[in-house]
$ cat entry_12.txt   # compact mmCIF, C-alpha atoms and all ligand atoms
# COMPACT_ATOMS: atom_id res chain seq x y z
CA MET A 42 0.00 0.00 0.00
CA LEU A 43 2.83 2.39 0.84
CA ARG A 44 4.48 1.67 -2.48
CA VAL A 45 1.25 2.39 -4.34
CA CYS A 46 0.74 5.64 -2.41
CA CYS A 47 4.36 6.59 -3.00
CA ASP A 48 4.04 5.99 -6.76
CA ALA A 49 0.84 8.01 -6.82
CA GLY A 50 2.36 10.83 -4.77
CA ALA A 51 -0.31 10.45 -2.10
CA ALA A 52 0.61 11.36 1.47
CA VAL A 53 -0.13 8.78 4.17
CA VAL A 54 -0.96 9.35 7.84
CA PRO A 55 -0.41 6.30 10.09
CA GLN A 56 -2.83 6.00 12.96
CA GLY A 57 -2.73 3.80 16.06
CA GLY A 58 -5.18 4.43 18.88
CA ASN A 59 -5.68 8.06 17.78
CA THR A 60 -5.05 9.22 21.35
CA GLY A 61 -2.19 11.59 20.53
CA LEU A 62 -3.14 14.98 21.87
CA VAL A 63 -1.67 17.08 19.07
CA GLY A 64 -3.60 15.72 16.10
CA GLY A 65 -0.61 14.02 14.43
CA SER A 66 -2.72 10.99 13.56
CA VAL A 67 -5.52 13.00 11.97
CA PRO A 68 -5.45 13.55 8.18
CA LEU A 69 -6.31 17.18 7.45
CA HIS A 70 -5.51 17.62 3.77
CA GLY A 71 -6.88 14.53 2.06
CA GLU A 72 -4.06 12.19 3.08
CA VAL A 73 -4.58 8.43 3.05
CA LEU A 74 -5.28 7.19 6.57
CA LEU A 75 -3.39 4.02 7.42
CA ALA A 76 -4.97 2.45 10.52
CA LEU A 77 -2.69 -0.04 12.29
CA ARG A 78 -5.13 -1.39 14.86
CA ARG A 79 -5.46 -4.74 13.10
CA PHE A 80 -1.74 -5.43 13.51
CA GLY A 81 -2.58 -7.16 16.79
CA THR A 82 -0.25 -10.13 17.10
CA LEU A 83 1.45 -10.53 20.45
CA ASP A 84 4.11 -13.22 20.71
CA PRO A 85 4.62 -15.26 23.89
CA VAL A 86 6.79 -13.58 26.50
CA ASP A 87 10.43 -14.63 26.30
CA ALA A 88 10.83 -15.30 30.02
CA ARG A 89 14.58 -15.87 29.76
CA ALA A 90 15.30 -12.56 28.09
CA GLY A 91 12.43 -10.58 29.64
CA GLN A 92 11.28 -9.47 26.20
CA VAL A 93 8.28 -9.71 23.95
CA THR A 94 7.56 -8.97 20.30
CA ALA A 95 4.35 -7.06 19.65
CA GLN A 96 2.78 -5.83 16.46
CA ALA A 97 2.10 -2.11 16.16
CA GLY A 98 -1.65 -2.26 16.83
CA VAL A 99 -1.43 -4.00 20.21
CA THR A 100 -2.76 -1.69 22.91
CA ILE A 101 -0.63 -0.86 25.93
CA ALA A 102 -3.31 -2.33 28.23
CA ARG A 103 -3.17 -5.64 26.36
CA LEU A 104 0.59 -5.62 26.49
CA HIS A 105 0.46 -5.11 30.26
CA ASP A 106 -1.99 -7.97 30.77
CA HIS A 107 0.12 -10.22 28.61
CA ALA A 108 3.38 -9.38 30.40
CA ARG A 109 1.86 -9.60 33.88
CA ALA A 110 0.38 -12.98 33.19
CA ALA A 111 3.97 -14.15 32.65
CA GLY A 112 5.28 -12.46 35.81
CA TRP A 113 6.71 -9.47 33.95
CA ASP A 114 5.53 -5.93 33.30
CA TYR A 115 5.96 -3.25 30.65
CA GLY A 116 7.74 -0.10 31.83
CA VAL A 117 5.52 2.41 30.03
CA ASP A 118 2.05 3.14 31.34
CA LEU A 119 -0.26 6.04 30.63
CA SER A 120 -3.95 6.65 31.09
CA ALA A 121 -4.58 6.29 27.35
CA ARG A 122 -3.47 2.65 27.76
CA ASP A 123 -6.76 1.10 26.63
CA SER A 124 -6.49 2.73 23.18
CA ALA A 125 -2.87 3.81 22.73
CA THR A 126 -0.87 1.30 20.72
CA VAL A 127 2.66 -0.02 20.67
CA GLY A 128 3.24 1.68 17.29
CA GLY A 129 1.78 5.00 18.39
CA THR A 130 3.69 5.11 21.67
CA ILE A 131 6.93 4.33 19.84
CA ALA A 132 6.17 6.95 17.19
CA THR A 133 5.62 9.54 19.94
CA ASN A 134 8.31 8.16 22.29
CA ALA A 135 5.64 8.28 25.01
CA GLY A 136 6.86 8.77 28.57
CA GLY A 137 3.97 7.95 30.87
CA ILE A 138 3.83 7.75 34.62
CA TYR A 139 6.84 5.51 35.20
CA VAL A 140 9.28 7.48 33.06
CA MET A 141 11.36 8.39 36.09
CA ARG A 142 11.98 4.75 36.85
CA TYR A 143 12.12 3.07 33.45
CA GLY A 144 12.63 5.91 30.99
CA ALA A 145 10.47 6.76 27.98
CA THR A 146 9.45 4.29 25.27
CA ARG A 147 12.82 4.59 23.48
CA ARG A 148 14.45 2.82 26.42
CA GLN A 149 12.07 -0.15 26.04
CA VAL A 150 12.49 -0.74 22.31
CA LEU A 151 15.18 -3.31 21.54
CA GLY A 152 14.25 -4.03 17.95
CA ILE A 153 11.89 -2.81 15.29
CA GLU A 154 10.13 -3.73 12.07
CA ALA A 155 8.94 -0.92 9.82
CA VAL A 156 7.91 -0.16 6.26
CA LEU A 157 9.56 2.74 4.46
CA SER A 158 7.54 5.08 2.30
CA ASP A 159 8.58 3.25 -0.89
CA GLY A 160 7.34 -0.06 0.53
CA ARG A 161 10.68 -1.54 1.59
CA VAL A 162 10.55 -3.44 4.86
CA VAL A 163 13.28 -3.00 7.45
CA ARG A 164 13.37 -5.61 10.18
CA HIS A 165 15.61 -5.97 13.21
CA LEU A 166 13.71 -7.82 15.91
CA ASP A 167 16.45 -9.92 17.48
CA GLY A 168 16.43 -8.07 20.79
CA LEU A 169 20.06 -8.74 21.61
CA GLU A 170 20.74 -6.13 24.29
CA LYS A 171 24.49 -6.07 23.57
CA ASP A 172 24.07 -5.59 19.85
CA ASN A 173 25.99 -2.40 19.04
CA THR A 174 26.33 -2.93 15.31
CA GLY A 175 25.20 -0.37 12.78
CA TYR A 176 22.72 2.42 13.10
CA ASP A 177 20.23 2.52 15.97
CA LEU A 178 17.22 2.16 13.73
CA ALA A 179 14.81 1.55 16.60
CA GLY A 180 16.07 4.61 18.46
CA LEU A 181 15.73 6.69 15.29
CA LEU A 182 12.11 5.67 14.74
CA CYS A 183 11.20 6.42 18.34
CA GLY A 184 9.61 9.85 18.32
CA SER A 185 9.56 10.06 14.52
CA GLU A 186 5.74 10.44 14.50
CA GLY A 187 5.26 8.63 11.22
CA THR A 188 7.65 10.86 9.27
CA LEU A 189 10.30 8.19 8.53
CA ALA A 190 8.43 4.89 8.31
CA VAL A 191 5.37 3.00 9.41
CA ILE A 192 6.21 0.87 12.44
CA THR A 193 4.66 -2.57 12.15
CA ALA A 194 6.22 -4.46 15.10
CA ALA A 195 8.71 -4.05 17.93
CA ARG A 196 10.81 -6.16 20.25
CA LEU A 197 10.20 -4.72 23.72
CA ARG A 198 12.11 -4.92 26.96
CA LEU A 199 10.03 -6.02 29.95
CA VAL A 200 10.64 -5.20 33.62
CA PRO A 201 10.05 -7.36 36.70
CA ARG A 202 6.51 -7.22 37.92
CA LEU A 203 6.41 -5.40 41.28
CA THR A 204 3.59 -6.47 43.54
CA HIS A 205 4.15 -4.33 46.64
CA VAL A 206 2.97 -0.80 46.01
CA VAL A 207 2.73 2.16 48.40
CA VAL A 208 1.20 5.51 47.52
CA ALA A 209 1.61 8.76 49.47
CA LEU A 210 0.07 12.18 48.94
CA LEU A 211 2.19 15.13 50.11
CA ALA A 212 0.94 18.71 50.43
CA PHE A 213 3.05 21.87 50.20
CA ASP A 214 2.54 25.59 50.44
CA ASP A 215 4.85 26.30 47.52
CA VAL A 216 6.18 24.58 44.43
CA GLU A 217 9.78 24.99 45.60
CA GLY A 218 9.04 22.87 48.66
CA ALA A 219 7.39 20.23 46.48
CA LEU A 220 10.38 20.08 44.11
CA ASP A 221 12.84 19.87 47.01
CA ALA A 222 10.85 16.99 48.44
CA VAL A 223 10.85 15.15 45.12
CA GLY A 224 14.65 15.50 44.93
CA ALA A 225 14.99 14.15 48.47
CA LEU A 226 12.68 11.24 47.75
CA ARG A 227 14.55 10.36 44.55
CA ARG A 228 17.77 10.14 46.51
CA ALA A 229 16.34 8.18 49.41
CA VAL A 230 13.69 5.86 47.98
CA ASP A 231 15.18 3.58 45.36
CA SER A 232 11.81 1.91 44.90
CA LEU A 233 10.26 5.21 43.77
CA ARG A 234 8.20 4.55 40.65
CA ALA A 235 5.98 7.57 39.99
CA VAL A 236 5.81 11.20 41.06
CA GLU A 237 3.05 13.56 40.00
CA LEU A 238 2.59 17.24 40.78
CA PHE A 239 -0.81 18.87 40.84
CA PHE A 240 -2.40 21.95 42.32
CA GLN A 241 -5.24 22.98 44.61
CA ASP A 242 -7.58 23.90 41.75
CA GLY A 243 -7.26 20.38 40.33
CA LEU A 244 -7.97 18.88 43.72
CA ASP A 245 -10.97 21.19 44.18
CA LEU A 246 -12.35 20.21 40.80
CA VAL A 247 -12.21 16.51 41.61
CA CYS A 248 -13.58 16.90 45.14
CA ASP A 249 -16.46 19.10 43.95
CA ARG A 250 -17.37 16.95 40.96
CA LEU A 251 -17.23 13.69 42.90
CA ARG A 252 -18.48 15.11 46.21
CA LEU A 253 -15.47 13.87 48.10
CA PRO A 254 -14.03 15.32 51.32
CA ARG A 255 -10.73 17.23 51.10
CA PRO A 256 -7.75 15.06 52.09
CA PHE A 257 -6.20 17.93 54.09
CA ASN A 258 -7.91 20.27 56.48
CA ARG A 259 -6.70 23.43 54.78
CA PRO A 260 -5.83 24.41 51.20
CA HIS A 261 -2.29 24.03 49.89
CA HIS A 262 -0.59 25.32 46.81
CA ALA A 263 0.98 22.12 45.52
CA PHE A 264 0.50 18.39 45.95
CA VAL A 265 2.81 15.54 45.06
CA LEU A 266 1.48 12.06 44.56
CA VAL A 267 4.26 9.54 45.12
CA GLU A 268 4.26 5.85 44.31
CA ALA A 269 6.91 3.36 45.39
CA ALA A 270 6.90 -0.23 44.20
CA ALA A 271 9.13 -3.17 44.97
CA GLY A 272 9.24 -6.93 45.08
CA SER A 273 9.03 -6.66 48.87
CA PRO A 274 7.20 -3.94 50.87
CA PRO A 275 8.85 -0.47 50.41
CA THR A 276 6.73 0.93 53.26
CA THR A 277 9.44 1.58 55.81
CA VAL A 278 11.78 3.53 53.59
CA LEU A 279 9.01 5.66 52.09
CA ARG A 280 7.65 6.40 55.56
CA ALA A 281 11.08 7.37 56.84
CA SER A 282 11.86 9.53 53.81
CA SER A 283 8.50 11.23 53.90
CA GLY A 284 9.08 11.95 57.57
CA ALA A 285 12.47 13.50 56.83
CA THR A 286 10.93 15.51 54.04
CA ALA A 287 8.23 16.64 56.45
CA LYS A 288 10.83 17.92 58.92
CA ASP A 289 12.72 19.84 56.24
CA THR A 290 9.52 21.22 54.93
CA ARG A 291 8.26 22.30 58.35
CA LYS A 292 11.41 24.36 58.76
CA ARG A 293 10.13 26.43 55.88
CA SER A 294 6.69 26.68 57.51
CA THR A 295 5.23 24.35 54.96
CA ASN A 296 2.58 21.90 55.94
CA LEU A 297 3.01 18.28 54.94
CA ALA A 298 0.63 15.40 55.08
CA HIS A 299 0.46 12.08 53.41
CA HIS A 300 -1.63 9.01 53.19
CA THR A 301 -1.73 5.68 51.45
CA SER A 302 -4.08 4.10 49.03
CA SER A 303 -5.13 0.55 48.50
CA THR A 304 -6.29 0.93 44.95
CA SER A 305 -4.57 -0.13 41.76
CA PRO A 306 -1.40 1.77 40.82
CA SER A 307 -2.33 1.38 37.19
CA ARG A 308 -4.77 4.28 37.62
CA VAL A 309 -2.04 6.80 38.14
CA SER A 310 -0.99 8.98 35.24
CA SER A 311 0.72 12.25 34.56
CA SER A 312 -1.67 13.30 31.86
CA PRO A 313 -4.18 16.12 32.41
CA ARG A 314 -7.06 13.84 31.57
CA SER A 315 -6.19 11.39 34.27
CA SER A 316 -5.14 13.73 37.06
CA LYS A 317 -8.74 13.41 38.16
CA LYS A 318 -8.22 9.71 38.66
CA CYS A 319 -5.00 10.24 40.55
CA ALA A 320 -6.58 12.67 42.93
CA THR A 321 -9.58 10.41 43.27
CA ARG A 322 -7.32 7.59 44.25
CA SER A 323 -5.70 9.78 46.85
CA LEU A 324 -9.02 10.93 48.13
CA THR A 325 -10.31 7.42 48.55
CA ALA A 326 -7.28 6.40 50.56
CA ARG A 327 -7.92 4.72 53.83
CA ARG A 328 -5.97 7.09 56.03
CA THR A 329 -5.23 10.75 56.11
CA ARG A 330 -3.11 12.38 58.74
CA ARG A 331 -1.54 15.78 58.97
CA CYS A 332 2.15 16.53 59.32
CA GLY A 333 5.10 14.23 59.74
CA CYS A 334 4.95 10.57 59.27
CA SER A 335 1.60 8.90 59.24
CA ALA A 336 1.35 5.12 59.12
CA MET A 337 1.81 3.90 55.57
CA ARG A 338 -0.21 1.00 54.35
CA PRO A 339 1.58 -1.24 51.86
CA THR A 340 -0.52 -2.88 49.27
CA ALA A 341 0.08 -6.08 47.42
CA THR A 342 -1.79 -5.53 44.18
CA SER A 343 -2.91 -7.90 41.55
CA THR A 344 -2.26 -5.52 38.71
C1 LIG A 401 -5.36 10.30 28.50
C2 LIG A 401 -4.00 10.44 27.84
C3 LIG A 401 -2.87 10.35 28.62
C4 LIG A 401 -1.62 10.49 28.06
N1 LIG A 401 -0.56 10.42 28.88
C5 LIG A 401 0.67 10.57 28.36
C6 LIG A 401 1.80 10.49 29.21
O1 LIG A 401 1.68 10.32 30.42
N2 LIG A 401 3.03 10.61 28.64
C7 LIG A 401 3.21 10.79 27.29
O2 LIG A 401 4.34 10.89 26.81
N3 LIG A 401 2.13 10.88 26.49
C8 LIG A 401 0.89 10.78 26.98
N4 LIG A 401 -0.20 10.86 26.15
C9 LIG A 401 0.04 11.04 24.74
C10 LIG A 401 0.55 9.70 24.18
O3 LIG A 401 1.91 9.87 23.88
C11 LIG A 401 -0.19 9.29 23.00
O4 LIG A 401 -1.57 9.27 23.33
C12 LIG A 401 0.17 7.90 22.50
O5 LIG A 401 1.55 7.67 22.57
C13 LIG A 401 -0.27 7.76 21.09
O6 LIG A 401 -0.49 6.41 20.81
P1 LIG A 401 -1.59 6.05 19.71
O7 LIG A 401 -1.50 4.61 19.40
O8 LIG A 401 -2.93 6.55 20.13
O9 LIG A 401 -1.06 6.90 18.45
P2 LIG A 401 -1.86 7.91 17.53
O10 LIG A 401 -2.49 9.00 18.34
O11 LIG A 401 -2.77 7.18 16.62
O12 LIG A 401 -0.66 8.54 16.67
C14 LIG A 401 0.28 9.39 17.30
C15 LIG A 401 1.38 9.73 16.27
O13 LIG A 401 2.10 8.56 15.94
C16 LIG A 401 1.98 8.25 14.56
N5 LIG A 401 1.81 6.79 14.47
C17 LIG A 401 0.86 6.04 15.06
N6 LIG A 401 1.06 4.74 14.81
C18 LIG A 401 2.18 4.66 14.06
C19 LIG A 401 2.90 3.60 13.48
N7 LIG A 401 2.52 2.32 13.62
N8 LIG A 401 4.01 3.88 12.76
C20 LIG A 401 4.41 5.16 12.59
N9 LIG A 401 3.77 6.21 13.10
C21 LIG A 401 2.67 5.97 13.84
C22 LIG A 401 0.77 9.03 14.06
O14 LIG A 401 0.86 9.35 12.70
C23 LIG A 401 0.85 10.27 14.95
O15 LIG A 401 1.79 11.17 14.43
C24 LIG A 401 -1.47 10.71 26.67
C25 LIG A 401 -2.61 10.79 25.87
C26 LIG A 401 -3.86 10.65 26.45
C27 LIG A 401 -5.09 10.73 25.58
$ encode --input "entry_12.txt" --output "structure tokens" --more "lines below"
Ligand SMILES: Cc1cc2nc3c(=O)[nH]c(=O)nc-3n(C[C@H](O)[C@H](O)[C@H](O)COP(=O)(O)OP(=O)(O)OC[C@H]3O[C@@H](n4cnc5c(N)ncnc54)[C@H](O)[C@@H]3O)c2cc1C
Amino acid sequence: MLRVCCDAGAAVVPQGGNTGLVGGSVPLHGEVLLALRRFGTLDPVDARAGQVTAQAGVTIARLHDHARAAGWDYGVDLSARDSATVGGTIATNAGGIYVMRYGATRRQVLGIEAVLSDGRVVRHLDGLEKDNTGYDLAGLLCGSEGTLAVITAARLRLVPRLTHVVVALLAFDDVEGALDAVGALRRAVDSLRAVELFFQDGLDLVCDRLRLPRPFNRPHHAFVLVEAAAGSPPTTVLRASSGATAKDTRKRSTNLAHHTSSTSPSRVSSSPRSSKKCATRSLTARRTRRCGCSAMRPTATST
């Protein structure tokens, strides 16, 4: 099809889940729309290598389910997961909520198969991590947004599935305090998996729309939602580090509180659309306590 379009001089727009927020997958000037959703083959997980080969149309949610069923996980997650595809997330080099821990999509792609605009197929799906020969074709196509080739499949790195998850919500009177705390947590909590900043107006919106009580007894300027995940409970270290952060923060007259949640970590995301869900998760947490170090409840999740 690409060869025919090329010969005819017709522009092509590849489309995955059509969740990109900047309209890159939407034809505006009569281009041919190439939908990849039917490229849905997902190979068995290679448990020795911790890798899997997925066709471009596989959704991120399906990829997660597939990896988790084999005791692995995929390091990129975002709230568009039910529609966003492997091809689309590679084409946009999507980051997602775990980017701090695992890096963006480029770090997960070990091999790629793609079709050039003249119809030639390039394929390098071996997934040998030490392979340093030649050009980094996969890296080049990551973030190329359909301008260089149509991605049809990828060899993806998996990460160990972490079953012990702890979530804390921290409140600050200024953004500087929030950023200092994130730096301190990054140094101290090696199980840190996600960090998300949001503001009082976002919290108000969620609380008002869902008729939920405020998690803190007075307004704050900034909130940081923190998630730590490990193979064994990371509760103690997160509690200790949050306590230390609380002390530092109190020195600057900033109020800190945190609490834990028992709900699925897969609902967290850094996107605007899903901040509502994040805050909702925080708001439905079992405990809320002001200042210092409240008891943290570790959760073994089935996600
Ligand atoms: C609710 C929500 C949350 C999000 N959260 C994040 C986030 O946390 N972090 C982040 O980085 N991004 C986030 N995004 C944006 C995210 O990067 C994109 O939604 C996603 O990566 C696009 O995947 P898709 O399959 O929907 O691609 P599409 O939207 O269909 O396409 C996106 C671009 O990739 C091209 N493309 C698609 N498939 C292919 C292919 N097979 N080969 C070549 N080019 C292709 C398209 O032409 C287009 O330019 C979010 C989006 C939403 C809606």
$ residues_near_ligand --input "entry_12.txt" --ligand "ligand LIG 401 (chain A)" --cutoff "7 Å" --atoms "all atoms listed in the file" --output "ChimeraX atom specification"
/A:54-62,65-66,77,97-98,119-121,124-138,186-187,190-193,310-312,314-315
$ closest_residue --input "entry_12.txt" --among "A:Gly152, A:Gly184, A:Gly272, A:Pro201" --to "Ala108 (chain A)" --atoms "only C-alpha atoms"
A:Pro201
$ residues_around --input "entry_12.txt" --residues "region 235-252 of chain A" --least-positions-apart "6" --cutoff "6 Å" --atoms "only C-alpha atoms" --output "PyMOL selection string"
chain A and resi 138-139+262-268+317
$ residues_around --input "entry_12.txt" --residues "region 155-168 of chain A" --least-positions-apart "6" --cutoff "8 Å" --atoms "all atoms listed in the file" --output "list of chain:residue names"
A:Met42, A:Leu43, A:Arg44, A:Cys47, A:Asp48, A:Gln92, A:Thr94, A:Leu189, A:Ala190, A:Val191, A:Ile192, A:Thr193, A:Ala194, A:Ala195, A:Arg196, A:Leu197
$ write_last_selection --input "entry_12.txt" --atoms "C-alpha atoms" --output "PDB file, in the frame of the given file"
ATOM      1  CA  MET A  42       0.000   0.000   0.000  1.00  0.00           C
ATOM      2  CA  LEU A  43       2.830   2.390   0.840  1.00  0.00           C
ATOM      3  CA  ARG A  44       4.480   1.670  -2.480  1.00  0.00           C
ATOM      4  CA  CYS A  47       4.360   6.590  -3.000  1.00  0.00           C
ATOM      5  CA  ASP A  48       4.040   5.990  -6.760  1.00  0.00           C
ATOM      6  CA  GLN A  92      11.280  -9.470  26.200  1.00  0.00           C
ATOM      7  CA  THR A  94       7.560  -8.970  20.300  1.00  0.00           C
ATOM      8  CA  LEU A 189      10.300   8.190   8.530  1.00  0.00           C
ATOM      9  CA  ALA A 190       8.430   4.890   8.310  1.00  0.00           C
ATOM     10  CA  VAL A 191       5.370   3.000   9.410  1.00  0.00           C
ATOM     11  CA  ILE A 192       6.210   0.870  12.440  1.00  0.00           C
ATOM     12  CA  THR A 193       4.660  -2.570  12.150  1.00  0.00           C
ATOM     13  CA  ALA A 194       6.220  -4.460  15.100  1.00  0.00           C
ATOM     14  CA  ALA A 195       8.710  -4.050  17.930  1.00  0.00           C
ATOM     15  CA  ARG A 196      10.810  -6.160  20.250  1.00  0.00           C
ATOM     16  CA  LEU A 197      10.200  -4.720  23.720  1.00  0.00           C
TER      17      LEU A 197
END
$ atom_distance --input "entry_12.txt" --atom1 "CA of Val206 (chain A)" --atom2 "CA of Gly224 (chain A)"
20.1 Å
$ closest_residue --input "entry_12.txt" --among "A:Gly180, A:Pro254, A:Gly175, A:Pro274" --to "Ser232 (chain A)" --atoms "all atoms listed in the file"
A:Pro274
$ atom_distance --input "entry_12.txt" --atom1 "CA of Asp215 (chain A)" --atom2 "CA of Ala229 (chain A)"
21.5 Å
$ closest_residue --input "entry_12.txt" --among "A:Val150, A:Leu169, A:Val230, A:Leu210" --to "Leu182 (chain A)" --atoms "only C-alpha atoms"
A:Val150
$ closest_residue --input "entry_12.txt" --among "A:Val53, A:Ala145, A:Ala270, A:Ala90" --to "Val67 (chain A)" --atoms "all atoms listed in the file"
A:Val53
$ atom_distance --input "entry_12.txt" --atom1 "CA of Trp113 (chain A)" --atom2 "CA of Val200 (chain A)"
5.8 Å
$ closest_residue --input "entry_12.txt" --among "A:Val207, A:Ile101, A:Val63, A:Ala88" --to "Thr276 (chain A)" --atoms "all atoms listed in the file"
A:Val207
$ closest_residue --input "entry_12.txt" --among "A:Leu226, A:Gly116, A:Arg147, A:Pro256" --to "Leu279 (chain A)" --atoms "only C-alpha atoms"
A:Leu226
$ decode --input "entry_12.txt" --residues "region 170-208 of chain A" --atoms "C-alpha atoms" --output "PDB file, in the first residue's frame"
ATOM      1  CA  GLU A 170      20.745  -6.135  24.287  1.00  0.00           C
ATOM      2  CA  LYS A 171      24.492  -6.066  23.572  1.00  0.00           C
ATOM      3  CA  ASP A 172      24.065  -5.591  19.854  1.00  0.00           C
ATOM      4  CA  ASN A 173      25.988  -2.405  19.039  1.00  0.00           C
ATOM      5  CA  THR A 174      26.335  -2.927  15.312  1.00  0.00           C
ATOM      6  CA  GLY A 175      25.203  -0.373  12.781  1.00  0.00           C
ATOM      7  CA  TYR A 176      22.725   2.416  13.103  1.00  0.00           C
ATOM      8  CA  ASP A 177      20.234   2.524  15.968  1.00  0.00           C
ATOM      9  CA  LEU A 178      17.217   2.158  13.726  1.00  0.00           C
ATOM     10  CA  ALA A 179      14.813   1.547  16.599  1.00  0.00           C
ATOM     11  CA  GLY A 180      16.068   4.612  18.455  1.00  0.00           C
ATOM     12  CA  LEU A 181      15.727   6.693  15.288  1.00  0.00           C
ATOM     13  CA  LEU A 182      12.111   5.675  14.738  1.00  0.00           C
ATOM     14  CA  CYS A 183      11.199   6.421  18.342  1.00  0.00           C
ATOM     15  CA  GLY A 184       9.608   9.849  18.323  1.00  0.00           C
ATOM     16  CA  SER A 185       9.564  10.064  14.518  1.00  0.00           C
ATOM     17  CA  GLU A 186       5.744  10.438  14.502  1.00  0.00           C
ATOM     18  CA  GLY A 187       5.262   8.632  11.215  1.00  0.00           C
ATOM     19  CA  THR A 188       7.654  10.857   9.268  1.00  0.00           C
ATOM     20  CA  LEU A 189      10.303   8.194   8.535  1.00  0.00           C
ATOM     21  CA  ALA A 190       8.432   4.893   8.310  1.00  0.00           C
ATOM     22  CA  VAL A 191       5.365   3.002   9.409  1.00  0.00           C
ATOM     23  CA  ILE A 192       6.213   0.869  12.437  1.00  0.00           C
ATOM     24  CA  THR A 193       4.664  -2.571  12.145  1.00  0.00           C
ATOM     25  CA  ALA A 194       6.218  -4.460  15.095  1.00  0.00           C
ATOM     26  CA  ALA A 195       8.706  -4.053  17.927  1.00  0.00           C
ATOM     27  CA  ARG A 196      10.806  -6.155  20.247  1.00  0.00           C
ATOM     28  CA  LEU A 197      10.199  -4.718  23.720  1.00  0.00           C
ATOM     29  CA  ARG A 198      12.105  -4.917  26.964  1.00  0.00           C
ATOM     30  CA  LEU A 199      10.026  -6.024  29.952  1.00  0.00           C
ATOM     31  CA  VAL A 200      10.639  -5.200  33.617  1.00  0.00           C
ATOM     32  CA  PRO A 201      10.050  -7.357  36.696  1.00  0.00           C
ATOM     33  CA  ARG A 202       6.507  -7.221  37.921  1.00  0.00           C
ATOM     34  CA  LEU A 203       6.411  -5.404  41.279  1.00  0.00           C
ATOM     35  CA  THR A 204       3.591  -6.470  43.542  1.00  0.00           C
ATOM     36  CA  HIS A 205       4.148  -4.325  46.635  1.00  0.00           C
ATOM     37  CA  VAL A 206       2.966  -0.801  46.014  1.00  0.00           C
ATOM     38  CA  VAL A 207       2.732   2.157  48.399  1.00  0.00           C
ATOM     39  CA  VAL A 208       1.196   5.513  47.519  1.00  0.00           C
TER      40      VAL A 208
END
